[in-house]
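Asker: What follows is protein.txt, compact mmCIF, C-alpha atoms.
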# COMPACT_ATOMS: atom_id res chain seq x y z
CA MET O 1372 142.20 149.09 67.83
CA GLU O 1373 141.59 145.41 68.58
CA LYS O 1374 140.16 146.30 72.01
CA VAL O 1375 137.75 148.76 70.37
CA ARG O 1376 136.54 146.08 67.96
CA ALA O 1377 136.24 143.56 70.79
CA LEU O 1378 134.24 146.10 72.80
CA ALA O 1379 131.85 146.58 69.89
CA ARG O 1380 131.44 142.81 69.60
CA GLY O 1381 130.71 142.48 73.32
CA GLU O 1382 133.90 140.52 73.95
CA TYR O 1383 135.73 143.06 76.09
CA GLY O 1384 134.93 145.53 78.85
CA GLU O 1385 133.18 145.68 82.22
CA LEU O 1386 129.59 144.77 83.01
CA HIS O 1387 127.82 145.80 86.22
CA VAL O 1388 124.99 143.43 87.15
CA GLY O 1389 122.83 143.72 90.23
CA TYR O 1390 121.10 140.67 91.66
CA ALA O 1391 118.85 139.35 94.42
CA PRO O 1392 120.70 136.27 95.76
CA SER O 1393 117.95 133.84 96.79
CA PRO O 1394 115.46 134.22 93.89
CA THR O 1395 118.18 133.98 91.22
CA VAL O 1396 120.23 131.12 92.67
CA GLU O 1397 119.12 128.60 90.01
CA ILE O 1398 119.81 130.89 87.05
CA LEU O 1399 122.64 133.33 87.75
CA PRO O 1400 125.55 131.07 88.86
CA PRO O 1401 125.46 128.69 85.85
CA ALA O 1402 124.84 131.61 83.46
CA LEU O 1403 127.80 133.53 84.89
CA ALA O 1404 130.08 130.49 84.55
CA ALA O 1405 129.02 130.00 80.91
CA TYR O 1406 129.45 133.70 80.15
CA GLN O 1407 132.92 133.94 81.67
CA LYS O 1408 133.99 130.87 79.72
CA ALA O 1409 132.69 132.33 76.46
CA PHE O 1410 133.88 135.90 77.07
CA PRO O 1411 136.87 135.81 79.44
CA ARG O 1412 137.87 139.40 78.63
CA VAL O 1413 134.63 140.87 79.99
CA ARG O 1414 134.82 141.61 83.70
CA VAL O 1415 131.43 141.01 85.32
CA VAL O 1416 130.98 142.98 88.55
CA LEU O 1417 128.12 141.59 90.66
CA HIS O 1418 126.24 143.77 93.14
CA ASP O 1419 124.25 141.98 95.88
CA LEU O 1420 121.54 144.55 96.64
CA SER O 1421 118.07 144.95 98.07
CA GLU O 1422 115.11 145.23 95.73
CA GLN O 1423 114.94 149.03 96.05
CA GLU O 1424 118.70 149.37 95.56
CA LEU O 1425 118.47 147.35 92.35
CA VAL O 1426 115.75 149.64 91.02
CA ASP O 1427 117.76 152.72 92.02
CA GLY O 1428 120.90 151.35 90.34
CA LEU O 1429 119.09 150.73 87.07
CA GLN O 1430 117.49 154.15 87.15
CA ASN O 1431 120.71 156.07 87.88
CA GLY O 1432 122.83 154.02 85.47
CA THR O 1433 125.23 152.44 87.97
CA LEU O 1434 123.78 149.05 86.99
CA GLU O 1435 123.34 147.91 83.40
CA LEU O 1436 121.22 144.88 84.23
CA ALA O 1437 119.62 143.33 87.29
CA MET O 1438 118.56 139.77 87.99
CA MET O 1439 115.58 140.03 90.31
CA PRO O 1440 111.91 139.22 90.94
CA GLY O 1441 109.42 141.07 88.77
CA GLY O 1442 106.74 143.43 90.01
CA ALA O 1443 104.42 146.24 89.00
CA GLY O 1444 106.84 148.79 90.48
CA LEU O 1445 109.41 148.09 87.77
CA GLN O 1446 107.20 149.25 84.93
CA SER O 1447 106.09 152.40 86.79
CA GLY O 1448 109.76 153.10 87.54
CA GLY O 1449 110.75 153.30 83.88
CA LEU O 1450 112.16 149.77 83.75
CA GLU O 1451 111.57 146.74 81.55
CA PHE O 1452 111.32 143.20 82.90
CA GLU O 1453 111.89 139.98 81.00
CA ALA O 1454 110.63 136.96 82.93
CA LEU O 1455 112.93 133.95 82.72
CA ARG O 1456 111.41 131.54 85.22
CA SER O 1457 108.38 131.38 87.52
CA TYR O 1458 107.97 129.65 90.86
CA PRO O 1459 104.84 128.79 92.89
CA ILE O 1460 104.31 130.62 96.16
CA CYS O 1461 104.73 128.51 99.29
CA VAL O 1462 104.85 128.81 103.07
CA ALA O 1463 108.22 128.55 104.85
CA LEU O 1464 108.13 127.34 108.45
CA ALA O 1465 110.25 125.82 111.19
CA PRO O 1466 110.31 121.99 111.44
CA THR O 1467 108.84 122.36 114.96
CA HIS O 1468 105.88 124.46 113.80
CA ARG O 1469 102.39 123.00 114.30
CA PHE O 1470 101.83 123.12 110.52
CA ALA O 1471 104.86 120.90 109.87
CA ARG O 1472 102.81 117.74 109.41
CA ARG O 1473 100.45 119.29 106.88
CA LYS O 1474 100.97 118.69 103.15
CA THR O 1475 99.44 122.03 102.14
CA ILE O 1476 98.54 125.27 103.93
CA THR O 1477 95.64 127.60 103.13
CA LEU O 1478 95.64 131.40 103.05
CA GLU O 1479 93.21 131.41 105.96
CA MET O 1480 95.65 129.41 108.09
CA VAL O 1481 98.51 131.78 107.28
CA ALA O 1482 96.31 134.79 108.05
CA ALA O 1483 95.88 133.54 111.61
CA GLU O 1484 99.64 133.24 112.16
CA PRO O 1485 102.30 135.84 112.99
CA MET O 1486 104.38 136.35 109.85
CA ILE O 1487 108.04 137.00 109.11
CA GLY O 1488 108.75 139.25 106.12
CA PHE O 1489 111.38 141.39 104.46
CA ASN O 1490 112.09 145.02 105.32
CA ARG O 1491 109.23 147.11 103.94
CA LYS O 1492 111.41 150.04 102.81
CA GLU O 1493 113.96 147.94 100.90
CA TYR O 1494 111.52 145.31 99.57
CA PRO O 1495 108.31 147.22 98.77
CA GLU O 1496 107.18 144.76 96.07
CA TYR O 1497 107.15 141.96 98.66
CA TYR O 1498 104.36 143.81 100.47
CA VAL O 1499 102.53 144.60 97.25
CA GLY O 1500 102.42 140.84 96.71
CA LEU O 1501 101.33 140.11 100.29
CA ASP O 1502 98.52 142.67 100.13
CA ARG O 1503 97.34 141.22 96.84
CA LEU O 1504 97.28 137.71 98.30
CA PHE O 1505 95.30 138.62 101.39
CA GLU O 1506 92.95 140.93 99.52
CA LEU O 1507 90.90 137.80 98.79
CA LEU O 1508 90.24 137.47 102.53
CA GLY O 1509 89.65 141.16 103.09
CA ILE O 1510 92.44 141.43 105.67
CA LYS O 1511 95.98 142.78 106.02
CA PRO O 1512 98.83 140.29 106.66
CA ARG O 1513 100.18 140.42 110.22
CA VAL O 1514 103.95 140.80 109.80
CA VAL O 1515 105.59 140.84 113.24
CA VAL O 1516 109.26 140.82 112.17
CA GLU O 1517 110.87 142.55 109.16
CA CYS O 1518 114.22 141.22 107.92
CA ASP O 1519 116.92 142.91 105.83
CA SER O 1520 118.14 139.76 104.06
CA SER O 1521 117.27 136.16 103.21
CA SER O 1522 119.70 134.84 105.84
CA SER O 1523 118.03 136.83 108.63
CA LEU O 1524 114.60 135.79 107.31
CA ILE O 1525 115.62 132.13 107.53
CA THR O 1526 116.95 132.58 111.07
CA GLU O 1527 113.77 134.30 112.27
CA ILE O 1528 111.54 131.58 110.77
CA GLU O 1529 113.75 128.89 112.30
CA THR O 1530 113.18 130.32 115.79
CA GLY O 1531 109.48 129.59 115.38
CA ARG O 1532 108.37 133.22 115.77
CA GLY O 1533 106.22 132.98 112.67
CA VAL O 1534 105.83 131.69 109.12
CA ALA O 1535 106.70 133.40 105.84
CA ILE O 1536 105.27 133.59 102.34
CA ALA O 1537 108.22 132.68 100.14
CA SER O 1538 109.45 130.98 97.00
CA PRO O 1539 110.72 127.37 97.09
CA VAL O 1540 114.12 128.59 95.80
CA LEU O 1541 114.76 129.82 99.35
CA ARG O 1542 115.49 126.18 100.25
CA HIS O 1543 118.86 126.53 98.47
CA ALA O 1544 119.92 128.87 101.26
CA SER O 1545 118.07 127.28 104.19
CA GLY O 1546 118.75 123.60 103.49
CA LYS O 1547 117.00 121.43 106.08
CA ARG O 1548 116.61 124.28 108.55
CA LEU O 1549 113.13 125.07 107.20
CA LEU O 1550 110.18 123.23 105.69
CA TYR O 1551 108.22 124.42 102.65
CA ARG O 1552 104.56 123.70 102.05
CA PRO O 1553 102.42 124.63 99.00
CA LEU O 1554 100.04 127.54 99.56
CA THR O 1555 96.53 126.72 98.37
CA GLY O 1556 93.82 129.15 97.33
CA THR O 1557 95.98 131.29 95.05
CA THR O 1558 97.46 131.25 91.56
CA GLU O 1559 100.19 133.78 92.40
CA VAL O 1560 103.74 133.00 91.27
CA LEU O 1561 107.16 134.55 91.75
CA SER O 1562 108.61 135.60 88.38
CA VAL O 1563 112.38 135.98 88.20
CA GLY O 1564 114.20 137.58 85.31
CA ILE O 1565 116.18 140.43 83.78
CA ALA O 1566 115.40 144.06 84.56
CA ARG O 1567 116.83 146.98 82.59
CA ALA O 1568 116.13 150.66 82.06
CA THR O 1569 113.48 151.25 79.39
CA LYS O 1570 115.43 154.14 77.88
CA GLY O 1571 118.89 152.86 78.81
CA ASP O 1572 121.45 151.49 76.38
CA VAL O 1573 122.61 147.95 77.10
CA THR O 1574 126.13 147.34 75.79
CA PRO O 1575 126.94 144.48 73.39
CA ALA O 1576 128.49 142.66 76.36
CA GLY O 1577 125.25 143.11 78.29
CA GLU O 1578 123.18 141.79 75.40
CA LYS O 1579 125.35 138.69 75.17
CA PHE O 1580 124.95 138.16 78.91
CA CYS O 1581 121.16 138.35 78.47
CA GLU O 1582 121.35 135.72 75.73
CA ILE O 1583 123.18 133.31 78.01
CA LEU O 1584 120.74 134.00 80.86
CA ARG O 1585 117.87 133.08 78.55
CA LYS O 1586 119.53 129.81 77.51
CA THR O 1587 120.36 128.95 81.11
CA SER O 1588 116.81 129.57 82.30
CA ASP O 1589 115.57 126.97 79.81
CA GLY O 1590 112.84 128.46 77.69
CA ALA O 1591 112.52 132.07 78.74
CA THR O 1592 109.57 134.21 77.71
CA LEU O 1593 109.41 137.95 77.23
CA ALA O 1594 107.02 139.61 79.64
CA LYS O 1595 106.16 142.88 81.29
CA PRO O 1596 105.58 142.83 85.06
CA ASN O 1597 102.24 141.12 85.63
CA VAL O 1598 100.19 142.87 88.30
CA THR O 1599 97.89 139.91 88.96
CA LYS O 1600 100.21 136.96 88.62
CA SER O 1601 103.68 138.04 89.76
CA PHE O 1602 104.31 137.99 93.51
Starting from the file, give its structure as structure tokens.

Answerer:
Amino acid sequence: MEKVRALARGEYGELHVGYAPSPTVEILPPALAAYQKAFPRVRVVLHDLSEQELVDGLQNGTLELAMMPGGAGLQSGGLEFEALRSYPICVALAPTHRFARRKTITLEMVAAEPMIGFNRKEYPEYYVGLDRLFELLGIKPRVVVECDSSSSLITEIETGRGVAIASPVLRHASGKRLLYRPLTGTTEVLSVGIARATKGDVTPAGEKFCEILRKTSDGATLAKPNVTKSF
């Protein structure tokens, strides 16, 4: 009987949370530590998945929540998105790249370079964002290598084969292997937050986890995916 009451209070059970490692690195680890300290009898099962796999998991119910970047595809897929933090878009490049000495990089400069990107099938929203960026110039971005993870993206950029449009949070994974320069000529940002099924039921344990995520992110705001401002 006590376990049933604890379950109803969100203090017992199992919680399946999907996440995108690089974009959520500043929010998820401290939130998870705080949650496990507050609710030690809830087992949080983390699932490191691609963007499309996160969407699929929320839609089929294998995931209760997902920590991920926002995008227009979430709303059209029957999902809700609550933005917790936003980051400016920047250009990631190798320290040996000819742009390394520049303080900022323009869209026109990036358009003339071969680009490294994520796998189009598993990260469709990444390409929605790229197309929206380069729409201003009337051209399509020239992606020469598609990567299946952040680690492979970092390695490809480090070889000097191209540059990448990315978020500055990627530096947590790359360290000094890459340089990051502000991208000028755009107001696009990367919004990171909580995704959930619009018609799905989040358990009391899941709701408590969301509360801690909001506190950890320091001043979260409720938002739907923003087509014009979320990369």

Asker: Taking only C-alpha atoms into account, which of O:Pro1459, O:Ala1483, O:Leu1450, O:Arg1552 comes nearest Thr1569 of chain O?

Answerer: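 Under the stated criterion, the closest residue is O:Leu1450.
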
Asker: Of the candidates O:Leu1524, O:Leu1584, O:Val1560, O:Val1534, which one gets nearest to Ala1463 of chain O if we count all atoms listed in the file?

Answerer: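 When distances to Ala1463 of chain O are compared using all atoms listed in the file, the smallest one comes from O:Val1534.
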
Asker: Just how far from atom CA of Pro1539 of chain O is atom CA of Leu1504 of chain O, in Å to one decimal?

Answerer: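 We find that atom CA of Leu1504 of chain O and atom CA of Pro1539 of chain O lie 17.0 Å from each other.
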
Asker: If you measure from atom CA of Cys1518 of chain O to atom CA of Asn1490 of chain O, what distance in Å do you get, rounded to one decimal?

Answerer: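 One can read the atom CA of Cys1518 of chain O to atom CA of Asn1490 of chain O distance as 5.1 Å.
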
Asker: Tell me, as a PDB file with C-alpha atoms, keeping the file's coordinate frame, which residues lie within 7 Å of Ile1536 of chain O, counting all atoms listed in the file; anything in the same chain fewer than 3 positions away does not count.

Answerer:
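Dumped to selection12.pdb:
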ATOM      1  CA  ILE O1460     104.310 130.620  96.160  1.00  0.00           C
ATOM      2  CA  CYS O1461     104.730 128.510  99.290  1.00  0.00           C
ATOM      3  CA  VAL O1462     104.850 128.810 103.070  1.00  0.00           C
ATOM      4  CA  ALA O1463     108.220 128.550 104.850  1.00  0.00           C
TER       5      ALA O1463
END

Asker: Could you please determine the separation between atom CA of Pro1440 of chain O and atom CA of Val1563 of chain O in Å, to one decimal place?

Answerer: 4.3 Å

Asker: When distances are computed from all atoms listed in the file, which of O:Glu1559, O:Glu1517, O:Glu1582, O:Asp1589 shows the smallest separation from Ala1409 of chain O?

Answerer: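 Using all atoms listed in the file, Ala1409 of chain O sits closest to O:Glu1582.
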
Asker: Set the distance at 9 Å and use only C-alpha atoms: which residues neighbour Pro1394 of chain O once local chain neighbours fewer than 2 positions away are removed? I'd like the list as a tab-separated table (two decimals) with C-alpha atoms, in the coordinates of the input.

Answerer:
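Saved file around.tsv follows:
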chain	number	residue	atom	x	y	z
O	1390	TYR	CA	121.10	140.67	91.66
O	1391	ALA	CA	118.85	139.35	94.42
O	1392	PRO	CA	120.70	136.27	95.76
O	1396	VAL	CA	120.23	131.12	92.67
O	1397	GLU	CA	119.12	128.60	90.01
O	1398	ILE	CA	119.81	130.89	87.05
O	1438	MET	CA	118.56	139.77	87.99
O	1439	MET	CA	115.58	140.03	90.31
O	1440	PRO	CA	111.91	139.22	90.94
O	1538	SER	CA	109.45	130.98	97.00
O	1539	PRO	CA	110.72	127.37	97.09
O	1540	VAL	CA	114.12	128.59	95.80
O	1541	LEU	CA	114.76	129.82	99.35
O	1561	LEU	CA	107.16	134.55	91.75
O	1562	SER	CA	108.61	135.60	88.38
O	1563	VAL	CA	112.38	135.98	88.20

Asker: Could you name the residues that touch segment 1427-1432 of chain O at 8 Å or less, counting all atoms listed in the file, but leaving out those on the same chain fewer than 6 positions away, as a VMD selection string?

Answerer: chain O and resid 1389 1448 to 1450 1567 to 1568 1571

Asker: Identify which of the residues O:Ser1522, O:Thr1555, O:Ser1421, O:Thr1530 lies closest to Arg1491 of chain O, counting all atoms listed in the file when measuring atom-to-atom distances.

Answerer: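 When distances to Arg1491 of chain O are compared using all atoms listed in the file, the smallest one comes from O:Ser1421.
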
Asker: So, counting all atoms listed in the file, which residue among O:Ile1476, O:Val1426, O:Ala1437, O:Ala1576 is closest to Leu1399 of chain O?

Answerer: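 The closest residue to Leu1399 of chain O is O:Ala1437.
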
Asker: Between O:Pro1400, O:Glu1453, O:Leu1507, O:Ser1545, which one has atoms that come closest to Cys1581 of chain O, using only C-alpha atoms?

Answerer: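 Result for the nearest residue to Cys1581 of chain O: O:Glu1453.
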
Asker: Give me the box for segment 1504-1513 of chain O as lines of an AutoDock Vina configuration file, namely the centre and edge lengths in Å to one decimal of a box along x, y and z that holds every listed atom plus 4 Å on each side.

Answerer:
center_x = 94.9
center_y = 140.1
center_z = 104.3
size_x = 18.5
size_y = 13.3
size_z = 19.9
